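Novice: Shown below is the structure under consideration.
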Amino acid sequence: MDHFMRVMSVRGDGANPSDLYMSEAPRPETGPGSVLIRTSHAGVNRPDILQRRGLYPPPPGAAPGLGLEVSGWIEAIKPALPPPSSSEAVGQLTFSDDVAWRVGDPVCALVNGGGYAEYVAVDLRHLLPIPAGWSMAQAASLPEAALTVYANLIEHGGLQPGETVLVHGGNSGIGAMTIQMGKAWGAKVIATARGTDKCEFAKSLGADLVIDTATEEDFVAAVKGAGGADVVLDIVAGDYVAKNLLCLNMKGRMVQVGTGRSPVVELDLRRVMQKQAVITGSMLRPRSSDEKARLTAKVHEKVWPLIEAGRINPVLAETFAFEDAAKAHAWMDESHCGKVVLKI
Ligand SMILES: NC(=O)c1ccc[n+]([C@@H]2O[C@H](COP(=O)([O-])OP(=O)(O)OC[C@H]3O[C@@H](n4cnc5c(N)ncnc54)[C@H](OP(=O)(O)O)[C@@H]3O)[C@@H](O)[C@H]2O)c1
């Protein structure tokens with residue numbers, strides 16, 4: 001049984017957290033240029049809930065299991081094959097290529113699926129070191145939010161120091177990272193959240209203004225009163241999108257990262273033209289391995305120093321035992337602030 005491992009699987013239609021059950025599977029194969037990680041902790045994210053319910057199928061080629069981020073220790077390394085010619089190697093060097101990873105090293109990583117398991121295979125270029133002072137549990141809660149927010153807030157959103165960010169769901173994993181990264185980037189941050197506790201949490205992370213959308217559903221007046229937004233990072237969508245556009249300053253950018261309310265929206269496009277606005281968005285999981293390697297290297301270069309300097313801190317709220325993954329999913333569905341991980 002040595003080459004088998006425990007994995008969390010989904011039975012039936014996965015409609016309920018109780019549809020998660022522990023099973024066994026062979027350890028994943030590691031191809032050239034990848035490592036086998038012995039998982040310490042696995043981050044739990046909203047996309048896992050959607051995948052469990054059949055609403056977010058894994059992209060082609062991805063590991064089919066649940067779990068998009070882990071921390072753990074390198075169990076085995078399979079070096080990359082040498083490039084066919086030196087000219088093809090140009091531009092392919094990444095941070096991770098330069099680091100001499102060794103068996104036993106503690107790491108964290110974005111994985112393309114299968115994080116809820118005792119072992120997971122990961123592209124060498126997707127490994128990140130555990131930030132100084134962060135526990136293995138905290139580190140498992142970091143890659144998905146750090147990469148998603150860097151890609152969308154900084155790259156797609158083009159956030160500049162001195163600009164203003166509006167982020168919805170300031171209590172969420174993505175929202176909490178946006179508040180912290182936005183502040184560390186030198187921006188002013190306006191957050192929304194539903195209810196006093198969630199608003200206090202967003203404020204504690206450094207948000208300059210927090211709007212309680214449980215009592216003030218129309219956040220537009222408050223945002224405009226605070227000078228408007230240059231970048232909106234939105235996970236809610238639905239009727240929020242037209243409101244986001246009203247909040248936007250000239251040449252502002254609206255970045256869609258989730259569609260908690262509804263993916264279908266109605267917009268007055270004249271406002272897009274008037275404001276020379278950009279509407280964009282992206283998904284992390286379907287990106288190619290090369291693209292994730294590029295993003296990982298960027299996040300290591302630009303975000304890890306902010307983490308090491310204590311300007312981006314862990315927001316880990318709960319740790320559940322591996323066998324209690326159903327409880328972790330139920331926790332996500334309840335009112336929560338910050339992140340949750342499984343101790344594998
Ligand atoms: N594009 C990407 O690459 C990418 C990557 C990771 C995550 N995501 C998306 O980002 C979002 C957040 O993920 P997460 O893991 O941080 O999840 P999370 O911690 O569960 O947060 C979900 C957030 O969305 C808010 N929300 C949901 N439905 C809402 C509604 N109808 N009206 C107002 N607020 C609503 C929740 O507010 P309450 O707490 O008040 O319910 C909460 O703040 C999800 O939509 C996820 O799919 C996208």
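Labels used: A, B, ... for chains in the order of the structure tokens, numbers from 1 for residues in each chain, and numbers from 1 for ligands as shown.
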Counting only C-alpha atoms, what are the residues of range 123-167 of chain A within 10 Å of range 286-304 of chain A, and for each of them which pair of atoms is the nearest and at what distance in Å, to one decimal? Sort the table by chain and rising number, as a tab-separated table.

Specialist:
```
residue	atom	partner	partner_atom	distance
A:Asp123	CA	A:Ser289	CA	7.5
A:Leu124	CA	A:Ala293	CA	8.7
A:Arg125	CA	A:Ala293	CA	5.2
A:His126	CA	A:Ala293	CA	5.4
A:Leu127	CA	A:Thr296	CA	7.7
A:Leu128	CA	A:His300	CA	7.1
A:Pro129	CA	A:His300	CA	8.6
A:Ile130	CA	A:Trp304	CA	9.5
A:Pro131	CA	A:Trp304	CA	7.1
A:Ala132	CA	A:Trp304	CA	9.7
A:Pro143	CA	A:Thr296	CA	8.7
A:Ala146	CA	A:Val299	CA	7.2
A:Leu147	CA	A:Val299	CA	6.5
A:Thr148	CA	A:Leu295	CA	9.4
A:Val149	CA	A:Val299	CA	9.8
A:Tyr150	CA	A:Val299	CA	6.9
A:Ala151	CA	A:Leu295	CA	7.3
A:Glu155	CA	A:Leu295	CA	9.8
```

Novice: Please identify every polymer residue within 8 Å of ligand 1, using only C-alpha atoms and all ligand atoms, and present the set as an NGL selection string.

Specialist: :A and (44-47 or 50 or 144-145 or 148 or 168-176 or 193-195 or 198 or 213 or 235-236 or 256-262 or 281-285 or 332-339)

Novice: Would you give me, as a Markdown table, each residue of range 106-153 of chain A having an atom within 10 Å of an atom of range 63-76 of chain A, along with its shortest atom pair and that distance in Å to one decimal, using only C-alpha atoms and sorting by chain and residue number?

Specialist:
```
| residue | atom | partner | partner_atom | distance |
| --- | --- | --- | --- | --- |
| A:Pro106 | CA | A:Trp73 | CA | 4.4 |
| A:Val107 | CA | A:Gly72 | CA | 5.6 |
| A:Cys108 | CA | A:Ser71 | CA | 4.1 |
| A:Ala109 | CA | A:Val70 | CA | 5.6 |
| A:Leu110 | CA | A:Glu69 | CA | 4.4 |
| A:Val111 | CA | A:Leu68 | CA | 4.9 |
| A:Asn112 | CA | A:Leu68 | CA | 5.8 |
| A:Gly113 | CA | A:Ala63 | CA | 4.6 |
| A:Gly114 | CA | A:Gly65 | CA | 4.0 |
| A:Gly115 | CA | A:Gly67 | CA | 3.9 |
| A:Tyr116 | CA | A:Gly67 | CA | 5.1 |
| A:Ala117 | CA | A:Gly67 | CA | 8.3 |
| A:Glu118 | CA | A:Gly72 | CA | 9.4 |
| A:Tyr119 | CA | A:Glu75 | CA | 8.7 |
| A:Val120 | CA | A:Val70 | CA | 8.6 |
| A:Ala121 | CA | A:Ala63 | CA | 9.1 |
| A:Val122 | CA | A:Ile74 | CA | 9.8 |
| A:Leu127 | CA | A:Ser71 | CA | 9.6 |
| A:Leu128 | CA | A:Ser71 | CA | 9.3 |
| A:Pro129 | CA | A:Ser71 | CA | 9.4 |
| A:Ile130 | CA | A:Ser71 | CA | 8.0 |
| A:Ser135 | CA | A:Ser71 | CA | 9.4 |
| A:Met136 | CA | A:Ser71 | CA | 5.9 |
| A:Ala137 | CA | A:Ser71 | CA | 7.2 |
| A:Gln138 | CA | A:Ser71 | CA | 8.6 |
| A:Ala139 | CA | A:Ser71 | CA | 6.1 |
| A:Ala140 | CA | A:Ser71 | CA | 4.6 |
| A:Ser141 | CA | A:Glu69 | CA | 7.2 |
| A:Leu142 | CA | A:Glu69 | CA | 7.9 |
| A:Pro143 | CA | A:Glu69 | CA | 6.2 |
| A:Glu144 | CA | A:Glu69 | CA | 6.1 |
| A:Ala145 | CA | A:Glu69 | CA | 9.5 |
```

Novice: Hey, can you spit out that residue selection with N, CA and C atoms as an mmCIF file, in the first residue's frame?

Specialist:
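Writing done, so here's out-v5.cif:
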```cif
data_model
loop_
_atom_site.group_PDB
_atom_site.id
_atom_site.type_symbol
_atom_site.label_atom_id
_atom_site.label_comp_id
_atom_site.auth_asym_id
_atom_site.auth_seq_id
_atom_site.Cartn_x
_atom_site.Cartn_y
_atom_site.Cartn_z
ATOM 1 N N PRO A 106 10.754 22.669 2.593
ATOM 2 C CA PRO A 106 9.357 23.085 2.768
ATOM 3 C C PRO A 106 8.984 24.093 1.682
ATOM 4 N N VAL A 107 7.832 23.921 1.092
ATOM 5 C CA VAL A 107 7.412 24.780 -0.016
ATOM 6 C C VAL A 107 5.903 25.027 0.076
ATOM 7 N N CYS A 108 5.444 26.017 -0.696
ATOM 8 C CA CYS A 108 4.008 26.128 -0.944
ATOM 9 C C CYS A 108 3.831 26.344 -2.439
ATOM 10 N N ALA A 109 2.642 26.040 -2.929
ATOM 11 C CA ALA A 109 2.452 26.103 -4.379
ATOM 12 C C ALA A 109 0.981 26.146 -4.750
ATOM 13 N N LEU A 110 0.754 26.784 -5.879
ATOM 14 C CA LEU A 110 -0.522 26.649 -6.564
ATOM 15 C C LEU A 110 -0.473 25.300 -7.271
ATOM 16 N N VAL A 111 -1.541 24.534 -7.207
ATOM 17 C CA VAL A 111 -1.578 23.261 -7.950
ATOM 18 C C VAL A 111 -2.803 23.303 -8.871
ATOM 19 N N ASN A 112 -2.755 22.525 -9.933
ATOM 20 C CA ASN A 112 -3.879 22.647 -10.881
ATOM 21 C C ASN A 112 -5.034 21.709 -10.542
ATOM 22 N N GLY A 113 -5.018 21.196 -9.320
ATOM 23 C CA GLY A 113 -6.059 20.301 -8.821
ATOM 24 C C GLY A 113 -5.408 19.271 -7.922
ATOM 25 N N GLY A 114 -6.233 18.551 -7.163
ATOM 26 C CA GLY A 114 -5.719 17.434 -6.384
ATOM 27 C C GLY A 114 -4.979 17.798 -5.117
ATOM 28 N N GLY A 115 -5.198 19.008 -4.608
ATOM 29 C CA GLY A 115 -4.502 19.421 -3.376
ATOM 30 C C GLY A 115 -5.011 18.718 -2.124
ATOM 31 N N TYR A 116 -6.277 18.226 -2.152
ATOM 32 C CA TYR A 116 -6.819 17.518 -0.982
ATOM 33 C C TYR A 116 -6.316 16.078 -1.030
ATOM 34 N N ALA A 117 -5.023 15.892 -0.842
ATOM 35 C CA ALA A 117 -4.425 14.561 -0.953
ATOM 36 C C ALA A 117 -3.097 14.549 -0.204
ATOM 37 N N GLU A 118 -2.644 13.348 0.138
ATOM 38 C CA GLU A 118 -1.391 13.252 0.901
ATOM 39 C C GLU A 118 -0.161 13.594 0.057
ATOM 40 N N TYR A 119 -0.292 13.426 -1.248
ATOM 41 C CA TYR A 119 0.807 13.783 -2.159
ATOM 42 C C TYR A 119 0.224 14.500 -3.371
ATOM 43 N N VAL A 120 1.015 15.430 -3.918
ATOM 44 C CA VAL A 120 0.560 16.133 -5.114
ATOM 45 C C VAL A 120 1.785 16.420 -5.988
ATOM 46 N N ALA A 121 1.607 16.274 -7.308
ATOM 47 C CA ALA A 121 2.696 16.561 -8.248
ATOM 48 C C ALA A 121 2.576 18.008 -8.716
ATOM 49 N N VAL A 122 3.698 18.715 -8.725
ATOM 50 C CA VAL A 122 3.689 20.146 -9.053
ATOM 51 C C VAL A 122 4.844 20.471 -9.988
ATOM 52 N N LEU A 127 6.796 26.315 -7.606
ATOM 53 C CA LEU A 127 7.098 26.258 -6.166
ATOM 54 C C LEU A 127 7.465 27.632 -5.631
ATOM 55 N N LEU A 128 7.051 27.886 -4.416
ATOM 56 C CA LEU A 128 7.434 29.121 -3.723
ATOM 57 C C LEU A 128 7.932 28.743 -2.333
ATOM 58 N N PRO A 129 8.904 29.497 -1.812
ATOM 59 C CA PRO A 129 9.373 29.194 -0.452
ATOM 60 C C PRO A 129 8.339 29.613 0.590
ATOM 61 N N ILE A 130 8.377 28.968 1.747
ATOM 62 C CA ILE A 130 7.499 29.385 2.854
ATOM 63 C C ILE A 130 8.033 30.732 3.358
ATOM 64 N N SER A 135 3.654 29.812 9.291
ATOM 65 C CA SER A 135 3.557 28.374 9.559
ATOM 66 C C SER A 135 3.174 27.652 8.266
ATOM 67 N N MET A 136 3.302 26.322 8.279
ATOM 68 C CA MET A 136 2.900 25.540 7.101
ATOM 69 C C MET A 136 1.402 25.723 6.842
ATOM 70 N N ALA A 137 0.617 25.842 7.911
ATOM 71 C CA ALA A 137 -0.830 26.042 7.738
ATOM 72 C C ALA A 137 -1.098 27.389 7.074
ATOM 73 N N GLN A 138 -0.443 28.423 7.572
ATOM 74 C CA GLN A 138 -0.649 29.755 6.981
ATOM 75 C C GLN A 138 -0.179 29.789 5.531
ATOM 76 N N ALA A 139 0.946 29.128 5.254
ATOM 77 C CA ALA A 139 1.499 29.165 3.892
ATOM 78 C C ALA A 139 0.575 28.477 2.891
ATOM 79 N N ALA A 140 -0.194 27.479 3.355
ATOM 80 C CA ALA A 140 -1.117 26.788 2.440
ATOM 81 C C ALA A 140 -2.271 27.695 2.021
ATOM 82 N N SER A 141 -2.473 28.777 2.775
ATOM 83 C CA SER A 141 -3.586 29.676 2.462
ATOM 84 C C SER A 141 -3.154 30.825 1.557
ATOM 85 N N LEU A 142 -1.900 30.789 1.114
ATOM 86 C CA LEU A 142 -1.329 31.970 0.445
ATOM 87 C C LEU A 142 -1.314 31.945 -1.093
ATOM 88 N N PRO A 143 -0.890 30.838 -1.754
ATOM 89 C CA PRO A 143 -0.632 30.937 -3.199
ATOM 90 C C PRO A 143 -1.836 31.345 -4.047
ATOM 91 N N GLU A 144 -3.001 30.751 -3.806
ATOM 92 C CA GLU A 144 -4.162 31.044 -4.663
ATOM 93 C C GLU A 144 -4.532 32.529 -4.598
ATOM 94 N N ALA A 145 -4.589 33.072 -3.387
ATOM 95 C CA ALA A 145 -4.965 34.486 -3.246
ATOM 96 C C ALA A 145 -3.858 35.391 -3.784
#
```

Novice: Go through A:Ala226, A:Val220, A:Met22, A:Ala317 one by one, measure the shortest atom-to-atom distance of each to Asp239 in chain A using only C-alpha atoms, and give the residue with the smallest value.

Specialist: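 Between A:Ala226, A:Val220, A:Met22, A:Ala317, the residue approaching Asp239 in chain A most closely is A:Val220.
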
Novice: From a DSSP calculation on the backbone, collect every residue of range 37-70 of chain A in helix (DSSP H, G or I) and output the set as a list in words.

Specialist: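 Result set for range 37-70 of chain A (helix (DSSP H, G or I)): Arg46, Pro47, Asp48, Ile49, Leu50, Gln51 and Arg52 of chain A.
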
Novice: Keeping only all heavy atoms, write the selected residues as a compact mmCIF listing (two decimals), in the first residue's frame.

Specialist:
```
# COMPACT_ATOMS: atom_id res chain seq x y z
N ARG A 46 -13.25 29.04 -2.51
CA ARG A 46 -14.60 29.03 -3.09
C ARG A 46 -14.65 28.19 -4.38
O ARG A 46 -15.60 27.42 -4.56
CB ARG A 46 -15.02 30.49 -3.35
CG ARG A 46 -16.37 30.72 -3.99
CD ARG A 46 -17.56 30.42 -3.14
NE ARG A 46 -17.41 30.62 -1.73
CZ ARG A 46 -18.30 30.21 -0.83
NH1 ARG A 46 -19.40 29.60 -1.20
NH2 ARG A 46 -18.08 30.41 0.45
N PRO A 47 -13.64 28.27 -5.27
CA PRO A 47 -13.73 27.42 -6.47
C PRO A 47 -13.81 25.93 -6.14
O PRO A 47 -14.38 25.16 -6.94
CB PRO A 47 -12.44 27.76 -7.23
CG PRO A 47 -12.11 29.16 -6.78
CD PRO A 47 -12.52 29.23 -5.34
N ASP A 48 -13.29 25.49 -4.98
CA ASP A 48 -13.41 24.06 -4.60
C ASP A 48 -14.88 23.71 -4.38
O ASP A 48 -15.33 22.61 -4.72
CB ASP A 48 -12.66 23.76 -3.29
CG ASP A 48 -11.20 24.15 -3.34
OD1 ASP A 48 -10.70 24.50 -4.43
OD2 ASP A 48 -10.56 24.13 -2.28
N ILE A 49 -15.61 24.65 -3.74
CA ILE A 49 -17.04 24.41 -3.47
C ILE A 49 -17.78 24.30 -4.80
O ILE A 49 -18.62 23.41 -5.00
CB ILE A 49 -17.64 25.59 -2.65
CG1 ILE A 49 -16.76 25.96 -1.47
CG2 ILE A 49 -19.10 25.30 -2.27
CD1 ILE A 49 -16.87 25.15 -0.26
N LEU A 50 -17.43 25.22 -5.72
CA LEU A 50 -18.09 25.21 -7.03
C LEU A 50 -17.75 23.92 -7.77
O LEU A 50 -18.62 23.29 -8.39
CB LEU A 50 -17.66 26.44 -7.86
CG LEU A 50 -18.00 27.80 -7.24
CD1 LEU A 50 -17.42 28.94 -8.06
CD2 LEU A 50 -19.52 27.97 -7.13
N GLN A 51 -16.49 23.48 -7.69
CA GLN A 51 -16.10 22.22 -8.36
C GLN A 51 -16.83 21.03 -7.75
O GLN A 51 -17.31 20.15 -8.47
CB GLN A 51 -14.59 22.02 -8.28
CG GLN A 51 -14.13 20.75 -9.01
CD GLN A 51 -12.63 20.54 -8.99
OE1 GLN A 51 -11.87 21.49 -8.84
NE2 GLN A 51 -12.21 19.30 -9.15
N ARG A 52 -16.91 21.00 -6.41
CA ARG A 52 -17.63 19.89 -5.75
C ARG A 52 -19.05 19.79 -6.26
O ARG A 52 -19.59 18.71 -6.48
CB ARG A 52 -17.64 20.13 -4.22
CG ARG A 52 -18.16 18.96 -3.40
CD ARG A 52 -18.61 19.41 -2.01
NE ARG A 52 -19.88 20.09 -2.05
CZ ARG A 52 -20.19 21.18 -1.33
NH1 ARG A 52 -19.32 21.70 -0.49
NH2 ARG A 52 -21.39 21.74 -1.45
```

Novice: Report as JSON lines: every residue of range 109-223 of chain A with an atom at most 12 Å from range 243-247 of chain A, its closest pair of atoms, and their distance in Å to one decimal, counting only C-alpha atoms, with rows sorted by chain and ascending residue number.

Specialist:
```
{"residue": "A:Thr164", "atom": "CA", "partner": "A:Cys247", "partner_atom": "CA", "distance": 10.8}
{"residue": "A:Val165", "atom": "CA", "partner": "A:Cys247", "partner_atom": "CA", "distance": 10.4}
{"residue": "A:Leu166", "atom": "CA", "partner": "A:Asn244", "partner_atom": "CA", "distance": 8.4}
{"residue": "A:Val167", "atom": "CA", "partner": "A:Asn244", "partner_atom": "CA", "distance": 9.8}
{"residue": "A:His168", "atom": "CA", "partner": "A:Asn244", "partner_atom": "CA", "distance": 9.9}
{"residue": "A:Ile190", "atom": "CA", "partner": "A:Cys247", "partner_atom": "CA", "distance": 11.1}
{"residue": "A:Thr192", "atom": "CA", "partner": "A:Asn244", "partner_atom": "CA", "distance": 11.7}
{"residue": "A:Glu217", "atom": "CA", "partner": "A:Lys243", "partner_atom": "CA", "distance": 10.4}
{"residue": "A:Asp218", "atom": "CA", "partner": "A:Lys243", "partner_atom": "CA", "distance": 7.9}
{"residue": "A:Phe219", "atom": "CA", "partner": "A:Lys243", "partner_atom": "CA", "distance": 7.8}
{"residue": "A:Val220", "atom": "CA", "partner": "A:Cys247", "partner_atom": "CA", "distance": 5.7}
{"residue": "A:Ala221", "atom": "CA", "partner": "A:Cys247", "partner_atom": "CA", "distance": 8.1}
{"residue": "A:Ala222", "atom": "CA", "partner": "A:Cys247", "partner_atom": "CA", "distance": 9.1}
{"residue": "A:Val223", "atom": "CA", "partner": "A:Cys247", "partner_atom": "CA", "distance": 6.2}
```

Novice: When you draw a straight line from CA of Thr215 in chain A to CA of Leu248 in chain A, how long is it in Å?

Specialist: 22.0 Å

Novice: Which residues of range 61-158 of chain A have any atom within 12 Å of an atom in range 272-278 of chain A when counting only C-alpha atoms, and what is the closest pair of atoms for each, with the distance in Å to one decimal? Order the rows by chain and rising number and write it as JSON lines.

Specialist:
```
{"residue": "A:His156", "atom": "CA", "partner": "A:Val278", "partner_atom": "CA", "distance": 9.6}
{"residue": "A:Gly157", "atom": "CA", "partner": "A:Val278", "partner_atom": "CA", "distance": 8.7}
{"residue": "A:Gly158", "atom": "CA", "partner": "A:Val278", "partner_atom": "CA", "distance": 10.6}
```

Novice: May I have the residues within 10 Å of Lys183 in chain A as a list of chain:residue names, using only C-alpha atoms and disregarding those fewer than 5 positions away in the same chain?

Specialist: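 Near Lys183 in chain A, the qualifying residues are A:Pro161, A:Gly162, A:Thr164, A:Val165, A:Met177, A:Thr178, A:Lys188, A:Val189, A:Leu205, A:Gly206, A:Ala207, A:Asp208, A:Arg311, A:Ile312.
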
Novice: Those selected residues, please, written with N, CA and C atoms and delivered as a PDB file, in the first residue's frame.

Specialist:
```pdb
ATOM      1  N   PRO A 161       0.554  53.287  -7.426  1.00  0.00           N
ATOM      2  CA  PRO A 161       0.548  53.931  -6.110  1.00  0.00           C
ATOM      3  C   PRO A 161      -0.220  55.252  -6.178  1.00  0.00           C
ATOM      4  N   GLY A 162      -1.001  55.534  -5.155  1.00  0.00           N
ATOM      5  CA  GLY A 162      -1.770  56.784  -5.126  1.00  0.00           C
ATOM      6  C   GLY A 162      -3.165  56.635  -5.710  1.00  0.00           C
ATOM      7  N   THR A 164      -6.955  54.603  -6.246  1.00  0.00           N
ATOM      8  CA  THR A 164      -7.919  54.026  -5.304  1.00  0.00           C
ATOM      9  C   THR A 164      -8.492  52.727  -5.855  1.00  0.00           C
ATOM     10  N   VAL A 165      -8.521  51.705  -4.992  1.00  0.00           N
ATOM     11  CA  VAL A 165      -9.103  50.402  -5.333  1.00  0.00           C
ATOM     12  C   VAL A 165     -10.435  50.262  -4.607  1.00  0.00           C
ATOM     13  N   MET A 177      -6.808  39.614   0.617  1.00  0.00           N
ATOM     14  CA  MET A 177      -5.514  39.798  -0.054  1.00  0.00           C
ATOM     15  C   MET A 177      -5.503  41.100  -0.843  1.00  0.00           C
ATOM     16  N   THR A 178      -6.640  41.443  -1.453  1.00  0.00           N
ATOM     17  CA  THR A 178      -6.702  42.679  -2.245  1.00  0.00           C
ATOM     18  C   THR A 178      -6.496  43.897  -1.349  1.00  0.00           C
ATOM     19  N   LYS A 188      -5.052  53.699  -2.058  1.00  0.00           N
ATOM     20  CA  LYS A 188      -6.136  53.841  -1.072  1.00  0.00           C
ATOM     21  C   LYS A 188      -7.117  52.704  -1.350  1.00  0.00           C
ATOM     22  N   VAL A 189      -7.630  52.059  -0.306  1.00  0.00           N
ATOM     23  CA  VAL A 189      -8.501  50.901  -0.514  1.00  0.00           C
ATOM     24  C   VAL A 189      -9.871  51.141   0.113  1.00  0.00           C
ATOM     25  N   LEU A 205      -7.535  44.981   8.336  1.00  0.00           N
ATOM     26  CA  LEU A 205      -6.493  44.674   7.348  1.00  0.00           C
ATOM     27  C   LEU A 205      -5.926  45.933   6.698  1.00  0.00           C
ATOM     28  N   GLY A 206      -6.523  47.079   7.026  1.00  0.00           N
ATOM     29  CA  GLY A 206      -5.955  48.333   6.539  1.00  0.00           C
ATOM     30  C   GLY A 206      -6.837  49.096   5.560  1.00  0.00           C
ATOM     31  N   ALA A 207      -8.050  48.592   5.278  1.00  0.00           N
ATOM     32  CA  ALA A 207      -8.916  49.326   4.341  1.00  0.00           C
ATOM     33  C   ALA A 207      -9.172  50.733   4.867  1.00  0.00           C
ATOM     34  N   ASP A 208      -9.102  51.723   3.979  1.00  0.00           N
ATOM     35  CA  ASP A 208      -9.288  53.118   4.402  1.00  0.00           C
ATOM     36  C   ASP A 208     -10.749  53.421   4.670  1.00  0.00           C
ATOM     37  N   ARG A 311       4.029  43.373   5.524  1.00  0.00           N
ATOM     38  CA  ARG A 311       2.994  44.282   4.997  1.00  0.00           C
ATOM     39  C   ARG A 311       1.799  43.495   4.446  1.00  0.00           C
ATOM     40  N   ILE A 312       1.992  42.207   4.238  1.00  0.00           N
ATOM     41  CA  ILE A 312       0.882  41.303   3.911  1.00  0.00           C
ATOM     42  C   ILE A 312       0.971  40.163   4.919  1.00  0.00           C
TER      43      ILE A 312
END
```

Novice: How far is it from CA of Ile279 in chain A to CA of Ile154 in chain A, in Å with one decimal?

Specialist: 14.4 Å

Novice: With only C-alpha atoms as the basis for distance, which of A:Val340, A:Ala330, A:Ile77, A:Ala184 is at the shortest distance from Glu29 in chain A?

Specialist: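 Between A:Val340, A:Ala330, A:Ile77, A:Ala184, the residue approaching Glu29 in chain A most closely is A:Ile77.
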